[in-house]
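Okay, data-v9.txt now, which holds compact mmCIF, C-alpha atoms:
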```txt
# COMPACT_ATOMS: atom_id res chain seq x y z
CA MET A 1 56.88 -53.12 -13.59
CA LYS A 2 54.11 -52.29 -16.02
CA LYS A 3 55.53 -51.32 -19.41
CA ILE A 4 54.09 -48.14 -20.85
CA LYS A 5 54.44 -47.05 -24.45
CA LEU A 6 56.15 -43.68 -24.41
CA LEU A 7 54.77 -40.64 -26.17
CA THR A 8 57.34 -38.55 -28.02
CA ILE A 9 56.99 -34.95 -26.93
CA ILE A 10 58.13 -32.40 -29.49
CA LEU A 11 58.99 -29.06 -27.97
CA LEU A 12 59.34 -25.90 -29.97
CA LEU A 13 62.65 -24.18 -29.42
CA SER A 14 62.75 -20.41 -29.43
CA ALA A 15 65.70 -18.59 -30.97
CA LYS A 16 68.31 -17.37 -28.51
CA LEU A 17 69.44 -13.75 -28.59
CA VAL A 18 72.83 -12.86 -27.23
CA PHE A 19 73.01 -10.76 -24.08
CA CYS A 20 75.98 -8.44 -24.18
CA GLN A 21 78.54 -8.30 -21.44
CA PRO A 22 82.01 -6.84 -22.09
CA GLY A 23 84.06 -9.53 -23.82
CA LEU A 24 81.10 -11.90 -24.08
CA GLY A 25 79.73 -11.07 -27.55
CA THR A 26 77.26 -8.59 -28.95
CA GLY A 27 73.50 -8.24 -28.90
CA PRO A 28 70.89 -6.08 -30.59
CA SER A 29 69.77 -2.80 -29.04
CA ASN A 30 66.23 -3.08 -27.66
CA LEU A 31 64.35 -0.23 -26.01
CA PRO A 32 62.01 -0.95 -23.11
CA PRO A 33 58.32 -1.18 -24.01
CA CYS A 34 55.88 1.72 -23.58
CA LEU A 35 56.78 2.74 -20.05
CA THR A 36 53.97 5.31 -19.82
CA ASN A 37 51.19 3.02 -21.06
CA GLU A 38 49.52 1.36 -18.08
CA ASN A 39 47.36 -0.92 -20.22
CA ASN A 40 50.08 -3.28 -21.33
CA TRP A 41 49.34 -5.73 -18.50
CA ILE A 42 46.57 -7.99 -19.70
CA ALA A 43 44.60 -9.98 -17.13
CA LEU A 44 42.65 -13.00 -18.32
CA SER A 45 39.09 -12.31 -19.43
CA THR A 46 36.25 -12.30 -16.88
CA GLY A 47 35.47 -15.80 -15.63
CA THR A 48 38.67 -17.23 -17.13
CA GLY A 49 41.50 -18.01 -14.75
CA LEU A 50 42.69 -20.21 -11.91
CA PHE A 51 40.51 -20.52 -8.83
CA THR A 52 40.32 -22.01 -5.35
CA SER A 53 37.62 -22.10 -2.69
CA SER A 54 40.14 -22.00 0.16
CA ALA A 55 39.83 -19.03 2.51
CA THR A 56 43.46 -19.37 3.62
CA ASP A 57 45.41 -20.74 0.64
CA GLY A 58 45.01 -18.56 -2.41
CA VAL A 59 45.99 -19.35 -5.96
CA THR A 60 49.72 -19.40 -6.67
CA VAL A 61 51.23 -20.07 -10.10
CA ARG A 62 54.63 -21.67 -9.51
CA GLY A 63 55.81 -22.32 -13.05
CA PHE A 64 55.32 -22.65 -16.81
CA LEU A 65 56.59 -25.29 -19.23
CA ASN A 66 56.61 -25.22 -23.04
CA TYR A 67 54.25 -27.83 -24.51
CA GLY A 68 54.35 -27.73 -28.31
CA ASP A 69 52.46 -24.58 -29.34
CA LYS A 70 50.95 -24.25 -25.84
CA ILE A 71 52.26 -23.89 -22.30
CA ILE A 72 51.65 -25.92 -19.17
CA VAL A 73 50.71 -23.87 -16.09
CA PHE A 74 51.20 -25.40 -12.64
CA GLY A 75 51.13 -24.46 -8.98
CA ARG A 76 48.42 -24.34 -6.32
CA PHE A 77 44.83 -24.05 -7.55
CA GLU A 78 41.70 -26.19 -7.49
CA THR A 79 40.50 -25.63 -11.02
CA ALA A 80 40.96 -23.70 -14.23
CA ARG A 81 37.90 -21.98 -15.72
CA ASN A 82 36.91 -20.69 -19.12
CA ASN A 83 34.13 -18.09 -19.14
CA GLY A 84 32.94 -19.20 -15.71
CA LEU A 85 32.91 -22.94 -16.48
CA ASP A 86 35.27 -25.34 -14.68
CA VAL A 87 37.63 -27.39 -16.84
CA ALA A 88 37.60 -30.94 -15.50
CA ASN A 89 40.82 -32.47 -14.13
CA THR A 90 42.80 -29.22 -13.87
CA ARG A 91 43.70 -29.39 -10.18
CA HIS A 92 47.17 -27.81 -9.83
CA ILE A 93 48.04 -28.25 -13.52
CA ALA A 94 46.47 -27.08 -16.79
CA VAL A 95 47.31 -26.20 -20.40
CA TRP A 96 46.97 -22.65 -21.78
CA ASP A 97 46.79 -22.01 -25.54
CA GLY A 98 46.76 -18.22 -25.37
CA THR A 99 42.97 -17.99 -25.20
CA LYS A 100 41.61 -20.78 -23.02
CA PHE A 101 42.59 -23.50 -20.54
CA GLU A 102 42.50 -27.22 -21.29
CA ALA A 103 43.08 -30.33 -19.18
CA LEU A 104 46.51 -31.90 -19.57
CA ILE A 105 45.62 -35.29 -18.14
CA PRO A 106 42.56 -37.22 -19.38
CA VAL A 107 40.02 -37.83 -16.62
CA GLN A 108 39.86 -41.56 -17.39
CA LEU A 109 43.50 -42.03 -16.31
CA ASN A 110 42.45 -41.27 -12.71
CA TRP A 111 45.64 -39.31 -12.03
CA HIS A 112 44.72 -37.05 -9.11
CA LEU A 113 46.99 -34.32 -7.78
CA GLY A 114 46.73 -33.69 -4.06
CA ALA A 115 49.23 -30.89 -3.48
CA CYS A 116 50.97 -27.85 -4.91
CA ILE A 117 53.26 -28.47 -7.89
CA PHE A 118 56.60 -26.63 -7.71
CA THR A 119 58.39 -27.94 -10.79
CA ALA A 120 57.82 -29.95 -13.98
CA CYS A 121 59.98 -31.36 -16.74
CA PHE A 122 59.92 -33.75 -19.70
CA PHE A 123 62.19 -36.78 -19.44
CA ASN A 124 62.29 -39.99 -21.45
CA GLY A 125 58.98 -39.20 -23.13
CA ARG A 126 57.07 -38.48 -19.93
CA LEU A 127 56.07 -35.41 -18.01
CA TYR A 128 57.37 -35.53 -14.44
CA ILE A 129 56.09 -33.24 -11.72
CA GLY A 130 57.43 -32.50 -8.25
CA GLY A 131 56.00 -30.58 -5.34
CA SER A 132 54.87 -30.63 -1.74
CA HIS A 133 53.03 -33.05 0.52
CA GLU A 134 53.45 -36.80 0.62
CA ASN A 135 50.47 -37.59 -1.61
CA LEU A 136 51.34 -35.48 -4.60
CA ALA A 137 49.65 -37.94 -6.97
CA ARG A 138 47.35 -40.90 -6.53
CA VAL A 139 46.53 -43.51 -9.13
CA GLU A 140 44.12 -46.35 -8.35
CA GLY A 141 44.95 -46.20 -4.64
CA THR A 142 48.73 -46.07 -5.15
CA GLN A 143 50.56 -43.11 -3.64
CA TRP A 144 53.93 -41.53 -4.34
CA LYS A 145 55.99 -39.14 -2.28
CA TYR A 146 56.54 -35.74 -3.93
CA LEU A 147 57.21 -37.02 -7.45
CA SER A 148 55.07 -38.54 -10.14
CA GLY A 149 55.39 -39.20 -13.86
CA TRP A 150 52.80 -39.42 -16.62
CA ASN A 151 52.49 -39.80 -20.37
CA ALA A 152 49.60 -39.98 -22.79
CA SER A 153 48.96 -43.68 -22.21
CA GLY A 154 49.50 -44.08 -18.49
CA TYR A 155 51.53 -43.29 -15.41
CA ALA A 156 55.02 -44.13 -14.21
CA GLN A 157 55.33 -46.54 -11.30
CA ILE A 158 58.14 -44.88 -9.40
CA ASN A 159 59.60 -47.09 -6.70
CA ASN A 160 59.60 -46.11 -3.05
CA GLY A 161 59.30 -42.45 -2.05
CA LEU A 162 61.00 -39.34 -0.69
CA HIS A 163 60.54 -38.49 2.97
CA GLY A 164 61.35 -35.99 5.69
CA ARG A 165 62.44 -32.38 5.84
CA CYS A 166 65.45 -31.30 7.93
CA ASN A 167 66.93 -33.92 10.23
CA SER A 168 65.54 -32.13 13.29
CA GLY A 169 62.17 -31.21 11.82
CA SER A 170 58.90 -33.08 11.40
CA GLU A 171 57.66 -31.26 8.29
CA ASP A 172 57.37 -33.01 4.96
CA GLY A 173 59.92 -32.02 2.36
CA GLU A 174 59.43 -30.72 -1.16
CA VAL A 175 60.67 -31.36 -4.68
CA CYS A 176 61.81 -27.98 -5.99
CA ALA A 177 63.84 -28.70 -9.16
CA LEU A 178 64.01 -31.26 -11.98
CA GLU A 179 66.63 -31.50 -14.74
CA SER A 180 67.49 -34.11 -17.37
CA TYR A 181 71.23 -34.77 -17.53
CA LYS A 182 73.27 -37.62 -19.08
CA GLY A 183 70.40 -40.11 -19.18
CA PHE A 184 69.02 -39.46 -15.69
CA LEU A 185 66.35 -37.17 -14.28
CA TYR A 186 67.91 -35.26 -11.38
CA ILE A 187 65.55 -34.33 -8.56
CA GLY A 188 66.34 -31.58 -6.04
CA GLY A 189 64.48 -30.36 -2.97
CA THR A 190 64.30 -30.30 0.82
CA PHE A 191 63.56 -34.00 1.41
CA THR A 192 66.03 -36.06 3.42
CA TYR A 193 65.33 -39.78 2.85
CA LEU A 194 64.57 -42.29 0.11
CA GLY A 195 62.73 -45.53 0.79
CA ASN A 196 59.63 -47.11 2.26
CA ASN A 197 58.68 -44.93 5.22
CA SER A 198 56.94 -47.84 6.95
CA ILE A 199 60.23 -49.77 7.05
CA ALA A 200 62.80 -47.59 8.80
CA SER A 201 65.70 -49.85 7.85
CA SER A 202 64.99 -49.24 4.16
CA LEU A 203 65.54 -45.49 4.36
CA THR A 204 68.62 -43.99 2.70
CA LEU A 205 69.85 -40.50 3.58
CA VAL A 206 69.93 -38.40 0.39
CA ASN A 207 69.61 -34.81 1.71
CA GLY A 208 67.90 -33.05 -1.13
CA LEU A 209 69.28 -34.63 -4.32
CA ILE A 210 68.54 -37.93 -6.01
CA ARG A 211 68.20 -39.17 -9.57
CA LEU A 212 65.72 -41.27 -11.52
CA LYS A 213 66.75 -43.91 -14.04
CA PRO A 214 64.86 -44.25 -17.34
CA SER A 215 63.36 -47.41 -15.80
CA ASP A 216 61.71 -45.21 -13.11
CA ILE A 217 63.98 -46.44 -10.33
CA LEU A 218 65.12 -43.77 -7.86
CA GLU A 219 68.86 -44.03 -7.27
CA PRO A 220 70.85 -42.38 -4.44
CA PHE A 221 74.28 -41.16 -5.55
CA THR A 222 75.34 -38.40 -3.15
CA SER A 223 75.17 -37.53 0.55
CA GLY A 224 73.59 -34.23 -0.52
CA ALA A 225 73.12 -30.82 1.09
CA LYS A 226 74.04 -29.95 4.66
CA GLY A 227 73.88 -26.73 6.60
CA ASN A 228 72.89 -25.16 9.89
CA PHE A 229 70.40 -22.37 9.27
CA GLY A 230 68.88 -22.07 12.71
CA SER A 231 65.43 -23.63 12.46
CA ALA A 232 63.62 -26.69 11.15
CA GLY A 233 61.66 -24.54 8.73
CA ASP A 234 64.81 -23.02 7.19
CA CYS A 235 66.11 -26.17 5.56
CA PRO A 236 69.20 -26.90 3.53
CA GLY A 237 68.27 -28.23 0.13
CA VAL A 238 68.51 -27.99 -3.65
CA PHE A 239 66.33 -25.32 -5.29
CA ALA A 240 67.78 -25.13 -8.84
CA LEU A 241 69.42 -27.51 -11.33
CA LYS A 242 70.87 -26.79 -14.77
CA ALA A 243 72.90 -28.85 -17.26
CA PHE A 244 75.54 -26.59 -18.82
CA GLY A 245 78.87 -27.27 -20.52
CA ASN A 246 78.57 -31.05 -19.99
CA GLU A 247 78.21 -30.53 -16.23
CA LEU A 248 75.29 -30.31 -13.83
CA TYR A 249 75.09 -27.12 -11.76
CA VAL A 250 73.39 -27.59 -8.39
CA GLY A 251 72.16 -24.52 -6.53
CA GLY A 252 70.26 -24.05 -3.30
CA LYS A 253 70.81 -23.42 0.36
CA PHE A 254 73.74 -25.35 1.80
CA GLU A 255 77.17 -24.95 3.35
CA LYS A 256 78.42 -28.41 2.42
CA PHE A 257 77.48 -30.74 -0.40
CA ASN A 258 78.51 -34.39 -0.63
CA GLY A 259 80.88 -33.65 2.25
CA ILE A 260 82.59 -30.77 0.42
CA ASN A 261 82.63 -27.17 1.69
CA SER A 262 80.69 -25.25 -0.94
CA ASN A 263 78.25 -22.43 -0.28
CA LEU A 264 75.02 -22.43 -2.29
CA LEU A 265 76.51 -23.85 -5.49
CA ILE A 266 78.39 -26.93 -6.68
CA LYS A 267 78.80 -28.73 -10.01
CA TYR A 268 78.89 -32.42 -10.92
CA ASP A 269 80.49 -34.19 -13.89
CA GLY A 270 77.90 -37.00 -13.96
CA ASN A 271 80.42 -39.56 -12.75
CA VAL A 272 82.35 -38.98 -9.50
CA LEU A 273 83.75 -35.44 -9.57
CA TRP A 274 82.14 -32.66 -7.52
CA THR A 275 83.66 -29.19 -7.96
CA PRO A 276 82.90 -26.61 -5.24
CA SER A 277 81.91 -23.03 -6.01
CA TYR A 278 84.89 -21.59 -4.12
CA PHE A 279 82.64 -19.07 -2.40
CA THR A 280 84.11 -18.88 1.08
CA ASN A 281 81.40 -16.42 2.10
CA VAL A 282 78.02 -15.54 0.64
CA SER A 283 76.00 -12.78 2.29
CA GLY A 284 72.24 -12.25 2.13
CA ASN A 285 69.13 -12.42 4.30
CA SER A 286 68.98 -16.21 4.08
CA PRO A 287 71.35 -16.95 1.20
CA SER A 288 70.23 -19.27 -1.57
CA VAL A 289 70.41 -19.88 -5.32
CA THR A 290 66.89 -20.19 -6.74
CA ASP A 291 67.24 -20.17 -10.54
CA PHE A 292 69.59 -20.73 -13.47
CA MET A 293 69.24 -19.52 -17.05
CA ILE A 294 71.29 -20.08 -20.21
CA LYS A 295 71.24 -17.04 -22.50
CA GLY A 296 73.49 -16.51 -25.50
CA GLY A 297 75.66 -19.45 -24.40
CA ILE A 298 76.19 -17.88 -20.96
CA LEU A 299 75.02 -19.36 -17.65
CA TYR A 300 73.31 -16.98 -15.21
CA MET A 301 72.29 -17.67 -11.63
CA ALA A 302 69.93 -15.72 -9.38
CA GLY A 303 68.54 -15.93 -5.88
CA ASP A 304 69.10 -14.33 -2.50
CA PHE A 305 72.76 -13.37 -2.25
CA LYS A 306 74.47 -9.99 -2.16
CA THR A 307 78.22 -10.51 -2.32
CA LEU A 308 80.37 -13.41 -3.49
CA TYR A 309 83.89 -14.15 -2.27
CA SER A 310 86.20 -16.26 -4.42
CA GLY A 311 88.49 -18.97 -3.09
CA THR A 312 91.43 -16.58 -3.34
CA GLY A 313 89.74 -14.24 -0.87
CA SER A 314 88.94 -11.53 -3.39
CA LEU A 315 85.48 -9.99 -3.15
CA THR A 316 83.03 -9.65 -6.01
CA ASN A 317 81.29 -6.55 -4.70
CA ASP A 318 77.56 -5.95 -4.90
CA VAL A 319 76.54 -8.87 -7.06
CA ASN A 320 73.05 -8.27 -5.66
CA HIS A 321 71.14 -11.43 -6.48
CA ILE A 322 72.25 -12.11 -10.06
CA ALA A 323 75.58 -13.17 -11.58
CA TYR A 324 76.98 -14.86 -14.70
CA LEU A 325 79.67 -17.47 -15.30
CA GLY A 326 82.55 -15.88 -17.21
CA THR A 327 86.22 -16.29 -17.99
CA GLY A 328 88.33 -18.42 -15.69
CA ASN A 329 85.22 -20.34 -14.64
CA MET A 330 84.46 -17.51 -12.20
CA TRP A 331 81.19 -15.77 -11.40
CA TYR A 332 80.87 -12.09 -12.27
CA ALA A 333 78.42 -9.33 -11.45
CA VAL A 334 75.87 -8.33 -14.07
CA LYS A 335 76.79 -4.67 -14.51
CA SER A 336 74.35 -1.81 -15.01
CA ASN A 337 74.80 1.82 -16.01
CA THR A 338 72.22 2.95 -13.47
CA THR A 339 74.26 5.69 -11.82
CA SER A 340 73.35 4.79 -8.25
CA LEU A 341 73.86 1.07 -8.69
CA THR A 342 76.78 -0.59 -10.42
CA TYR A 343 75.68 -4.18 -10.04
CA GLY A 344 72.46 -6.14 -9.74
CA VAL A 345 69.18 -5.39 -8.02
CA THR A 346 68.86 -4.23 -4.40
CA PRO A 347 67.26 -4.19 -1.89
CA LEU A 348 65.59 -7.42 -2.84
CA GLY A 349 64.35 -10.37 -0.79
CA MET A 350 65.36 -12.59 -3.67
CA ILE A 351 64.97 -13.14 -7.39
CA ASN A 352 62.54 -16.03 -7.75
CA LYS A 353 62.80 -16.52 -11.52
CA MET A 354 64.43 -14.97 -14.58
CA THR A 355 63.88 -15.39 -18.31
CA ASP A 356 64.94 -14.12 -21.73
CA TYR A 357 62.30 -11.81 -23.20
CA ASN A 358 62.96 -10.02 -26.51
CA GLY A 359 66.69 -10.32 -25.86
CA ASP A 360 66.52 -8.83 -22.36
CA ILE A 361 66.70 -10.43 -18.92
CA VAL A 362 63.48 -10.11 -16.92
CA VAL A 363 63.45 -11.00 -13.21
CA VAL A 364 60.55 -11.43 -10.76
CA GLY A 365 60.41 -11.56 -7.00
CA PRO A 366 59.94 -8.97 -4.27
CA VAL A 367 61.77 -6.37 -6.36
CA TYR A 368 61.00 -2.90 -4.98
CA THR A 369 63.99 -0.63 -5.54
CA ILE A 370 66.96 -0.47 -7.89
CA GLY A 371 69.53 1.99 -6.68
CA THR A 372 67.55 5.04 -5.62
CA VAL A 373 64.72 4.39 -8.08
CA THR A 374 61.57 3.00 -6.46
CA GLY A 375 58.39 1.47 -7.81
CA TYR A 376 59.57 -1.68 -9.56
CA LYS A 377 56.93 -3.64 -7.62
CA GLY A 378 57.88 -7.23 -8.28
CA ILE A 379 59.43 -7.14 -11.73
CA ALA A 380 62.40 -5.56 -13.53
CA ARG A 381 63.90 -5.72 -17.01
CA LEU A 382 67.61 -5.48 -17.84
CA SER A 383 67.98 -4.13 -21.36
CA THR A 384 70.27 -5.60 -23.96
CA CYS A 385 73.29 -3.42 -24.53
CA ASP A 386 74.82 -2.37 -27.85
CA CYS A 387 78.36 -2.90 -26.52
CA ASN A 388 78.96 0.85 -26.52
CA SER A 389 77.38 1.15 -23.09
CA LEU A 390 76.39 -1.04 -20.18
CA PRO A 391 72.86 -2.45 -19.97
CA THR A 392 70.26 -0.66 -17.88
CA TRP A 393 67.51 -1.79 -15.52
CA TYR A 394 64.04 -0.59 -16.52
CA LYS A 395 60.57 -0.74 -15.04
CA LEU A 396 58.00 -2.40 -17.26
CA ASN A 397 55.57 0.31 -16.14
CA SER A 398 54.69 2.13 -12.94
CA VAL A 399 52.30 -0.53 -11.64
CA GLY A 400 54.82 -3.40 -11.71
CA ILE A 401 52.96 -6.63 -11.00
CA PRO A 402 49.53 -5.30 -9.95
CA ASN A 403 48.52 -6.04 -6.38
CA ASN A 404 45.64 -4.53 -4.43
CA ALA A 405 46.81 -5.68 -0.99
CA SER A 406 50.05 -3.74 -0.80
CA SER A 407 52.32 -1.85 -3.14
CA ASN A 408 55.20 -4.00 -1.91
CA ALA A 409 53.36 -7.34 -1.89
CA SER A 410 53.68 -8.14 -5.59
CA VAL A 411 55.46 -11.48 -5.76
CA GLY A 412 56.00 -13.33 -9.02
CA ASN A 413 57.09 -16.97 -9.06
CA ALA A 414 56.95 -17.85 -12.77
CA LEU A 415 58.02 -16.35 -16.10
CA ILE A 416 57.86 -17.43 -19.73
CA SER A 417 57.93 -15.83 -23.16
CA PHE A 418 54.93 -17.19 -25.11
CA GLN A 419 53.38 -16.04 -28.40
CA GLY A 420 55.53 -12.90 -28.28
CA ASN A 421 54.22 -11.89 -24.85
CA LEU A 422 55.78 -12.08 -21.40
CA TYR A 423 53.66 -14.27 -19.12
CA VAL A 424 53.96 -13.82 -15.36
CA GLY A 425 52.49 -16.07 -12.68
CA GLY A 426 52.60 -15.87 -8.91
CA SER A 427 50.62 -14.75 -5.88
CA PHE A 428 49.10 -11.38 -6.65
CA SER A 429 45.81 -9.67 -7.32
CA VAL A 430 45.02 -7.36 -10.23
CA SER A 431 44.07 -3.71 -10.35
CA ASN A 432 40.39 -4.37 -11.06
CA GLY A 433 40.07 -6.73 -8.10
CA ALA A 434 39.05 -9.74 -10.19
CA SER A 435 39.83 -13.12 -8.65
CA GLY A 436 41.56 -15.99 -10.36
CA ASN A 437 44.00 -13.80 -12.28
CA GLN A 438 47.31 -14.86 -10.75
CA LEU A 439 48.36 -15.32 -14.36
CA MET A 440 48.86 -12.24 -16.57
CA TYR A 441 50.79 -11.30 -19.65
CA TRP A 442 52.62 -8.23 -20.85
CA ARG A 443 51.63 -7.12 -24.33
CA LYS A 444 54.58 -6.38 -26.58
CA CYS A 445 54.34 -2.84 -27.91
CA ASN A 446 57.77 -1.72 -29.11
```
Go ahead and render the structure in this file as C-alpha cells.
Amino acid sequence: MKKIKLLTIILLLSAKLVFCQPGLGTGPSNLPPCLTNENNWIALSTGTGLFTSSATDGVTVRGFLNYGDKIIVFGRFETARNNGLDVANTRHIAVWDGTKFEALIPVQLNWHLGACIFTACFFNGRLYIGGSHENLARVEGTQWKYLSGWNASGYAQINNGLHGRCNSGSEDGEVCALESYKGFLYIGGTFTYLGNNSIASSLTLVNGLIRLKPSDILEPFTSGAKGNFGSAGDCPGVFALKAFGNELYVGGKFEKFNGINSNLLIKYDGNVLWTPSYFTNVSGNSPSVTDFMIKGGILYMAGDFKTLYSGTGSLTNDVNHIAYLGTGNMWYAVKSNTTSLTYGVTPLGMINKMTDYNGDIVVVGPVYTIGTVTGYKGIARLSTCDCNSLPTWYKLNSVGIPNNASSNASVGNALISFQGNLYVGGSFSVSNGASGNQLMYWRKCN
C-alpha cells in the first residue's frame, strides 16, 4: 500500500459550559436572544452559497466540522459560489471562513466526489468522509464504496468496500456516522456487507458497523444491527456514534445488536463486552437514535423516540426525543418548566441534530410545537437553568428556520457554533426567496 505522509490537523477546542440538571452541577443563567427581532437570521450574501442545477435534488447541508479557524461544510450540492463565481472542486464539500467559501481538496489531487456526504471526521491525520452511493469518491479510476479518506498530500487506499442495504432490499446502503475510538475509526450506517462485490465468497456480513485500522484496513468485529421494520427502505442500521467514559455508544434503528436484545442503543468496551440499553420498549413513529452530544461532562442522546422503558419495567414518561445519561447509568428525561410539557419536545418527527450554543442546547428537525406553543418551525433552544428553576424551551424567533414552501417544512440537518454565531444547515429556503442559501447563521444579540 502506498505510504502517505500524514498531515497533523490541529483543531481548536471551544470551552464547555455546564448544562444544569438537578444534581448534575450548575450553569450560568442565559436569556434567549432578541425574540422579537426578525433580522437575526443572516442568509449568505447574494451570489454566495451552495448551488445545484438539479431540478429534483435540491441543496442539502448535512453537516459541519471544525477545521482550525474555519469550518468544513458538507452534504449534497454541485458547487460553492462566492459573489456569483464557482469555487473549483467544491462538489459536496467546501470550507467556510465566515465570509467566503474555499476548496478543501486541491484540484490536482483528482479526488472527485460522486454522491452526498452524510458524515465526516478526522482520524490518524486524515479527513474521512462517508455518505451514499457506491462511488462516493474516485481517484485515478479507483473507486471506493461509501467511504474515502484524504490528507494534504494524497488519498487513503481503503481496501475492499461496503455493500448492500437491508438483506431483502436492492438499494445501496449509506455511511451515516464516524467516530474515533481506541485507535480505530468506527463506521456506522445501513450497509450490510464488507468485501469485493464482484466475488460473492469474499463478502462478510457486518450489518451497519465496521471499523478501520490506522493502516486503512477495514476490519469486521461484530454481527451488527438487526431488526424488522416492515420494508426494505426502512432499514436497521447505525446512525450515531460517540466515545464517552471509555466506552463507545452506538445508536440507531435496531432491535438486536451483535445478537443481543437492545433497542436503539448499545455500548461497547472496545474489546469484547457489549452492554445493552435495557430499553424493553421504545415508542415513536419509527424509533431511532440520530445524535449524541457531550455537554458539561454529560452525555445526551436525541432522535425519534417518545418513551423509554427500563429493564426493570419502570417507565420514563414523555422523554420526547431527547434524554441524558445520569446516575445509575440510566437515561433520564430532560425536564422543562414549560407548564404544558414536563419533558422534551413534542410532537416532533425527530431531532436530527443538537449542539451547545452559548451554554444552551439547540435542536433542529421538524420541530413544530412544544406543549401547546406553536411556531417553532424547525428549531428550538433549551435555556440553561440557574438551579433555582428548571430550564425552559424557547423559540429563536417567530420565523424559525425560514422556508417559503410551507410553514411546517423547515428541516435542519446540521448545527455548529462558529465565530460566536449559531450556524444551521439543511433543506430549506429563505424568506427572500434567494437560492443557494441552505446555510444560514443566527447573529448573537444578547
Legend entry - Pick from A:Tyr300, A:Tyr394, A:Phe254, A:Phe123 nearest to Met354 in chain A, counting only C-alpha atoms: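 So, comparing all the options, the nearest one is A:Tyr300.
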Inset, instruction - Give the answer as one residue: which of A:Ala414, A:Leu325, A:Ile187, A:Leu299 has the shortest atom-to-atom distance to Val238 in chain A, using all atoms listed in the file? - result: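 When distances to Val238 in chain A are compared using all atoms listed in the file, the smallest one comes from A:Ile187.
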Inset, instruction - Pick out the residues sitting within 9 Å of range 418-421 of chain A, and hand them over as number ranges by chain; count all atoms listed in the file, and ignore anything fewer than 5 positions along from it in its own chain. - result: A: 66, 69-71, 98, 357-358, 441-444
Inset, instruction - Have a look at A:Asn196, A:Asn246, A:Ser54, A:Asn320 and name the one nearest to Tyr268 in chain A; count all atoms listed in the file. - result: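 Closest to Tyr268 in chain A, using all atoms listed in the file: A:Asn246.
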Legend entry - Atomic separation - CA of Phe191 in chain A relative to CA of Lys226 in chain A, Å: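 Atom-to-atom, CA of Lys226 in chain A to CA of Phe191 in chain A, that is 11.7 Å.
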Legend entry - Who sits within 10 Å of Thr190 in chain A, all atoms listed in the file, same chain under 4 positions skipped, as a list in words: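 My reading of the contact set: Ser132, Leu162, His163, Gly164, Arg165, Cys166, Asp172, Gly173, Glu174, Val175, Cys176, Val206, Asn207, Gly208, Leu209, Ala225, Asp234, Cys235, Pro236, Gly237, Val238, Phe239, Gly252 and Lys253 of chain A.
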Legend entry - Given only C-alpha atoms as the counted atoms, nearest of A:Leu205, A:Met350, A:Ile298, A:Ala120 to Asn329 in chain A: A:Ile298
Inset, instruction - Work out how far apart CA of Pro287 in chain A and CA of Met440 in chain A are and give it in Å to one decimal. - result: 29.0 Å
Inset, instruction - Write out as an MDAnalysis selection string the residues lying within 10 Å of Gly183 in chain A, counting only C-alpha atoms and excluding same-chain residues fewer than 6 positions away. - result: chainID A and resid 123:124 211:214 270
Go ahead and save the residues from that selection, with C-alpha atoms, as a PDB file, in the coordinates of the input.
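Saved result, part.pdb, follows:
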```pdb
ATOM      1  CA  PHE A 123      62.190 -36.780 -19.440  1.00  0.00           C
ATOM      2  CA  ASN A 124      62.290 -39.990 -21.450  1.00  0.00           C
ATOM      3  CA  ARG A 211      68.200 -39.170  -9.570  1.00  0.00           C
ATOM      4  CA  LEU A 212      65.720 -41.270 -11.520  1.00  0.00           C
ATOM      5  CA  LYS A 213      66.750 -43.910 -14.040  1.00  0.00           C
ATOM      6  CA  PRO A 214      64.860 -44.250 -17.340  1.00  0.00           C
ATOM      7  CA  GLY A 270      77.900 -37.000 -13.960  1.00  0.00           C
TER       8      GLY A 270
END
```
Contacts of Leu382 in chain A at 7 Å or less, counting all atoms listed in the file, minus same-chain residues fewer than 4 places along, as an mmCIF file with C-alpha atoms, in the coordinates of the input?
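Output below, filename around09.cif:
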```cif
data_model
loop_
_atom_site.group_PDB
_atom_site.id
_atom_site.type_symbol
_atom_site.label_atom_id
_atom_site.label_comp_id
_atom_site.auth_asym_id
_atom_site.auth_seq_id
_atom_site.Cartn_x
_atom_site.Cartn_y
_atom_site.Cartn_z
ATOM 1 C CA ASP A 360 66.520 -8.830 -22.360
ATOM 2 C CA ILE A 361 66.700 -10.430 -18.920
ATOM 3 C CA VAL A 362 63.480 -10.110 -16.920
ATOM 4 C CA PRO A 391 72.860 -2.450 -19.970
ATOM 5 C CA THR A 392 70.260 -0.660 -17.880
ATOM 6 C CA TRP A 393 67.510 -1.790 -15.520
ATOM 7 C CA TYR A 394 64.040 -0.590 -16.520
#
```
Inset, instruction - For each of A:Phe122, A:Tyr376, A:Phe74, A:Tyr423, take the minimum atom-to-atom distance to Gly400 in chain A, counting only C-alpha atoms, then give the residue where this is smallest. - result: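 Looking only at the distances to Gly400 in chain A, the closest residue turns out to be A:Tyr376.
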Incomplete range 128-132 of chain A filled out to N, CA, C and O atoms as a PDB file, in the frame of the given file:
```
ATOM      1  N   TYR A 128      57.198 -35.284 -15.858  1.00  0.00           N
ATOM      2  CA  TYR A 128      57.370 -35.530 -14.440  1.00  0.00           C
ATOM      3  C   TYR A 128      57.066 -34.241 -13.674  1.00  0.00           C
ATOM      4  O   TYR A 128      57.431 -33.150 -14.113  1.00  0.00           O
ATOM      5  N   ILE A 129      56.401 -34.385 -12.553  1.00  0.00           N
ATOM      6  CA  ILE A 129      56.090 -33.240 -11.720  1.00  0.00           C
ATOM      7  C   ILE A 129      56.604 -33.482 -10.314  1.00  0.00           C
ATOM      8  O   ILE A 129      56.673 -34.616  -9.844  1.00  0.00           O
ATOM      9  N   GLY A 130      56.984 -32.413  -9.640  1.00  0.00           N
ATOM     10  CA  GLY A 130      57.430 -32.500  -8.250  1.00  0.00           C
ATOM     11  C   GLY A 130      56.811 -31.383  -7.452  1.00  0.00           C
ATOM     12  O   GLY A 130      56.504 -30.313  -7.981  1.00  0.00           O
ATOM     13  N   GLY A 131      56.603 -31.617  -6.159  1.00  0.00           N
ATOM     14  CA  GLY A 131      56.000 -30.580  -5.340  1.00  0.00           C
ATOM     15  C   GLY A 131      56.013 -30.916  -3.875  1.00  0.00           C
ATOM     16  O   GLY A 131      56.942 -31.547  -3.366  1.00  0.00           O
ATOM     17  N   SER A 132      54.951 -30.493  -3.194  1.00  0.00           N
ATOM     18  CA  SER A 132      54.870 -30.630  -1.740  1.00  0.00           C
ATOM     19  C   SER A 132      53.898 -31.724  -1.355  1.00  0.00           C
ATOM     20  O   SER A 132      53.111 -32.203  -2.177  1.00  0.00           O
TER      21      SER A 132
END
```
